[in-house]
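Structure record follows, encoded as structure tokens.
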Amino acid sequence: VTAIFANQDYLIAIMAHRQVVAAMKYKVVTKELPVAICVLQHVMAKYQKWKASYGYTTVVAAVLDRFPEHHNESIVLQGSLGLLRGNLYAQLRYREAAEQYFEFNRKFMSKGQSFWGLSGAVSGLSAFFIGSSPLTTLIESKILLLEEMATTFGQEKLLHVYRIHRQFLYNLTGAKGAATSEATLDGDAFREEESVEFCDVDALSDIYYLRLMLAVYYDDSATMQ
């Protein structure tokens with residue numbers, strides 16, 4: 001799974017596919033299998049192979065159902081998190097998904113798995129904003145808490161992502177700390193020009209899609225182009 005975040009998609013897909021084929025050949029279904037299937041699902045979705053990605057979702061759900069007594073084990077939680085992401089592509093509403101992502105954050109953090117917990121929360125923030133959830137003060141507090149956790153556990157890349165989302169919130173609400181230009185992420189929480197060199201591919205992707213959302217909201221045709 002780590003290789004996905006290093007953009008080694010083909011390599012990790014081959015490894016995951018071999019694990020799935022071996023499980024089918026020897027008829028051995030393990031708790032680790034859903035994670036391997038979710039890897040394939042993720043890669044298919046990333047390359048817009050939607051039909052294949054949706055197909056894996058059903059398989060993951062069926063395999064996870066075979067281990068109900070292990071639903072709180074880390075490896076099963078990882079498979080369940082992947083299933084949620086797959087369902088989101090297929091049929092789940094973003095508002096419904098947001099709180100489920102935050103619940104995964106709580107479960108993983110309670111097990112000391114900061115990367116999984118904090119990355120799950122990133123998905124929660126994305127679902128929260130895309131789903132047009134009410135912008136109360138609670139979401140700012142949640143993001144600030146996530147930033148604190150990312151700092152505590154040394155997850156610097158995820159810290160940038162949280163700051164990007166907080167700046168998006170400020171711009172969207174016109175709150176103190178918003179950028180002078182509404183469709184740029186250059187304010188109190190995040191300064192794009194100063195920080196972009198420290199951002200990985202995922203963080204850059206967040207910058208682009210959040211700026212596009214702001215451009216549409218504020219009818220900024222120059223940024224949209």
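Labels for the structure tokens follow display order: chains A, B, ..., residues from 1 in each chain, ligands from 1.
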
Can you pull out every residue within 8 Å of Leu214 in chain A, counting only C-alpha atoms, but drop anything in the same chain fewer than 3 positions away, and send it as a list in words?
->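 Close residues of Leu214 in chain A: Phe168, Asn171, Leu172, Glu182, Ala183, Leu210, Arg211, Tyr217, Tyr218 and Asp220 of chain A.
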
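Taking CA of Cys38 in chain A as the reference point, CA of Ala150 in chain A is found at 24.7 Å.
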
Using only C-alpha atoms: which of A:Arg191, A:Ser126, A:Leu33, A:Leu138 has the shortest distance to Ser205 in chain A = A:Ser126

Exercise: Asp188 in chain A partners within 10 Å, only C-alpha atoms, chain neighbours under 6 positions left out, as an mmCIF file with C-alpha atoms, in the first residue's frame:
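Writing the result to result14.cif gives the following:
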```cif
data_model
loop_
_atom_site.group_PDB
_atom_site.id
_atom_site.type_symbol
_atom_site.label_atom_id
_atom_site.label_comp_id
_atom_site.auth_asym_id
_atom_site.auth_seq_id
_atom_site.Cartn_x
_atom_site.Cartn_y
_atom_site.Cartn_z
ATOM 1 C CA ARG A 163 -3.570 23.600 6.263
ATOM 2 C CA ARG A 166 -8.291 25.208 6.494
ATOM 3 C CA GLN A 167 -7.276 27.980 4.096
ATOM 4 C CA TYR A 170 -11.375 30.655 5.394
ATOM 5 C CA LYS A 176 -10.442 36.289 9.169
ATOM 6 C CA GLY A 177 -7.367 34.730 7.590
ATOM 7 C CA ALA A 178 -8.880 34.475 4.101
ATOM 8 C CA ALA A 179 -6.696 35.234 1.096
#
```

Point out the residue among A:Cys199, A:Leu118, A:Val59, A:Met15 with the least atom-to-atom distance to Phe153 in chain A, counting only C-alpha atoms.
->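 Ranked by minimum distance to Phe153 in chain A, first place goes to A:Leu118.
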
Just list the residues in chain A DSSP gives helix (DSSP H, G or I) on the backbone, as number ranges by chain.
-> A: 2-6, 9-26, 33-46, 50-64, 68-70, 74-90, 94-110, 114-130, 137-152, 156-173, 192-198, 201-217, 221-224

Sort by chain and increasing residue number a table of all residues of range 91-119 of chain A within 10 Å of range 64-84 of chain A, each with its closest pair of atoms and their distance in Å to one decimal, counting only C-alpha atoms, and write it as JSON lines.
```
{"residue": "A:Leu92", "atom": "CA", "partner": "A:Leu84", "partner_atom": "CA", "distance": 8.2}
{"residue": "A:Ala97", "atom": "CA", "partner": "A:Leu84", "partner_atom": "CA", "distance": 7.3}
{"residue": "A:Gln100", "atom": "CA", "partner": "A:Leu84", "partner_atom": "CA", "distance": 8.2}
{"residue": "A:Tyr101", "atom": "CA", "partner": "A:Leu81", "partner_atom": "CA", "distance": 7.6}
{"residue": "A:Phe104", "atom": "CA", "partner": "A:Leu81", "partner_atom": "CA", "distance": 7.1}
{"residue": "A:Asn105", "atom": "CA", "partner": "A:Leu81", "partner_atom": "CA", "distance": 9.8}
{"residue": "A:Lys107", "atom": "CA", "partner": "A:Asn72", "partner_atom": "CA", "distance": 8.0}
{"residue": "A:Phe108", "atom": "CA", "partner": "A:Ser74", "partner_atom": "CA", "distance": 7.3}
{"residue": "A:Lys111", "atom": "CA", "partner": "A:Ser74", "partner_atom": "CA", "distance": 7.7}
{"residue": "A:Gln113", "atom": "CA", "partner": "A:Ser74", "partner_atom": "CA", "distance": 8.4}
{"residue": "A:Trp116", "atom": "CA", "partner": "A:Gln78", "partner_atom": "CA", "distance": 7.7}
{"residue": "A:Gly117", "atom": "CA", "partner": "A:Gln78", "partner_atom": "CA", "distance": 9.8}
```

Output file for the selection above: all heavy atoms, as a tab-separated table (two decimals), in the first residue's frame:
```
chain	number	residue	atom	x	y	z
A	92	LEU	N	-22.28	5.96	-2.62
A	92	LEU	CA	-22.42	6.59	-1.31
A	92	LEU	C	-22.37	8.11	-1.42
A	92	LEU	O	-21.58	8.67	-2.16
A	92	LEU	CB	-21.29	6.11	-0.38
A	92	LEU	CG	-21.45	6.42	1.11
A	92	LEU	CD1	-22.65	5.69	1.67
A	92	LEU	CD2	-20.19	6.02	1.86
A	97	ALA	N	-20.43	9.82	3.89
A	97	ALA	CA	-19.08	9.26	3.98
A	97	ALA	C	-18.19	10.05	4.93
A	97	ALA	O	-17.32	9.47	5.59
A	97	ALA	CB	-18.44	9.24	2.59
A	100	GLN	N	-18.04	8.84	8.47
A	100	GLN	CA	-17.44	7.50	8.52
A	100	GLN	C	-15.93	7.58	8.41
A	100	GLN	O	-15.20	6.85	9.08
A	100	GLN	CB	-18.01	6.64	7.39
A	100	GLN	CG	-19.49	6.31	7.56
A	100	GLN	CD	-19.98	5.37	6.48
A	100	GLN	OE1	-19.35	4.36	6.15
A	100	GLN	NE2	-21.12	5.69	5.89
A	101	TYR	N	-15.43	8.49	7.56
A	101	TYR	CA	-13.98	8.69	7.47
A	101	TYR	C	-13.41	9.18	8.80
A	101	TYR	O	-12.36	8.71	9.25
A	101	TYR	CB	-13.66	9.72	6.39
A	101	TYR	CG	-13.64	9.18	4.98
A	101	TYR	CD1	-14.44	9.76	3.99
A	101	TYR	CD2	-12.81	8.11	4.62
A	101	TYR	CE1	-14.41	9.28	2.69
A	101	TYR	CE2	-12.79	7.64	3.33
A	101	TYR	CZ	-13.60	8.22	2.36
A	101	TYR	OH	-13.57	7.74	1.07
A	104	PHE	N	-13.08	6.35	11.16
A	104	PHE	CA	-11.87	5.57	10.89
A	104	PHE	C	-10.66	6.27	11.49
A	104	PHE	O	-9.75	5.63	12.02
A	104	PHE	CB	-11.66	5.37	9.39
A	104	PHE	CG	-12.43	4.22	8.81
A	104	PHE	CD1	-13.44	4.42	7.88
A	104	PHE	CD2	-12.14	2.92	9.20
A	104	PHE	CE1	-14.15	3.36	7.35
A	104	PHE	CE2	-12.84	1.84	8.68
A	104	PHE	CZ	-13.85	2.07	7.75
A	105	ASN	N	-10.63	7.59	11.41
A	105	ASN	CA	-9.55	8.35	12.01
A	105	ASN	C	-9.44	8.04	13.50
A	105	ASN	O	-8.35	7.77	14.02
A	105	ASN	CB	-9.79	9.85	11.80
A	105	ASN	CG	-8.92	10.73	12.70
A	105	ASN	OD1	-9.40	11.26	13.71
A	105	ASN	ND2	-7.66	10.87	12.36
A	107	LYS	N	-10.56	5.41	15.15
A	107	LYS	CA	-10.20	4.01	15.40
A	107	LYS	C	-8.71	3.75	15.17
A	107	LYS	O	-8.05	3.09	15.98
A	107	LYS	CB	-11.05	3.08	14.51
A	107	LYS	CG	-12.50	2.99	14.94
A	107	LYS	CD	-13.28	2.03	14.06
A	107	LYS	CE	-14.71	1.90	14.53
A	107	LYS	NZ	-15.49	0.94	13.68
A	108	PHE	N	-8.19	4.26	14.06
A	108	PHE	CA	-6.77	4.05	13.77
A	108	PHE	C	-5.88	4.77	14.79
A	108	PHE	O	-4.86	4.23	15.22
A	108	PHE	CB	-6.43	4.51	12.35
A	108	PHE	CG	-6.79	3.53	11.28
A	108	PHE	CD1	-7.72	3.84	10.30
A	108	PHE	CD2	-6.18	2.28	11.23
A	108	PHE	CE1	-8.05	2.94	9.31
A	108	PHE	CE2	-6.51	1.36	10.24
A	108	PHE	CZ	-7.44	1.70	9.27
A	111	LYS	N	-5.33	2.98	17.90
A	111	LYS	CA	-4.42	1.84	17.76
A	111	LYS	C	-2.98	2.29	17.51
A	111	LYS	O	-2.10	1.47	17.26
A	111	LYS	CB	-4.89	0.94	16.62
A	111	LYS	CG	-6.23	0.26	16.89
A	111	LYS	CD	-6.66	-0.59	15.71
A	111	LYS	CE	-7.95	-1.31	16.02
A	111	LYS	NZ	-7.80	-2.28	17.14
A	113	GLN	N	-1.91	3.97	14.93
A	113	GLN	CA	-1.57	3.96	13.51
A	113	GLN	C	-1.88	5.35	12.92
A	113	GLN	O	-2.92	5.57	12.30
A	113	GLN	CB	-2.34	2.87	12.78
A	113	GLN	CG	-1.96	1.47	13.26
A	113	GLN	CD	-2.41	0.38	12.32
A	113	GLN	OE1	-3.33	0.57	11.53
A	113	GLN	NE2	-1.76	-0.76	12.37
A	116	TRP	N	-2.52	5.91	8.88
A	116	TRP	CA	-3.85	5.49	8.42
A	116	TRP	C	-4.93	6.39	8.99
A	116	TRP	O	-5.89	6.76	8.30
A	116	TRP	CB	-4.10	4.03	8.81
A	116	TRP	CG	-3.40	3.06	7.93
A	116	TRP	CD1	-2.20	2.45	8.16
A	116	TRP	CD2	-3.82	2.60	6.64
A	116	TRP	NE1	-1.85	1.64	7.11
A	116	TRP	CE2	-2.83	1.71	6.17
A	116	TRP	CE3	-4.94	2.84	5.84
A	116	TRP	CZ2	-2.94	1.06	4.93
A	116	TRP	CZ3	-5.04	2.20	4.63
A	116	TRP	CH2	-4.05	1.33	4.18
A	117	GLY	N	-4.80	6.74	10.27
A	117	GLY	CA	-5.80	7.59	10.90
A	117	GLY	C	-5.87	8.97	10.28
A	117	GLY	O	-6.95	9.48	9.97
```
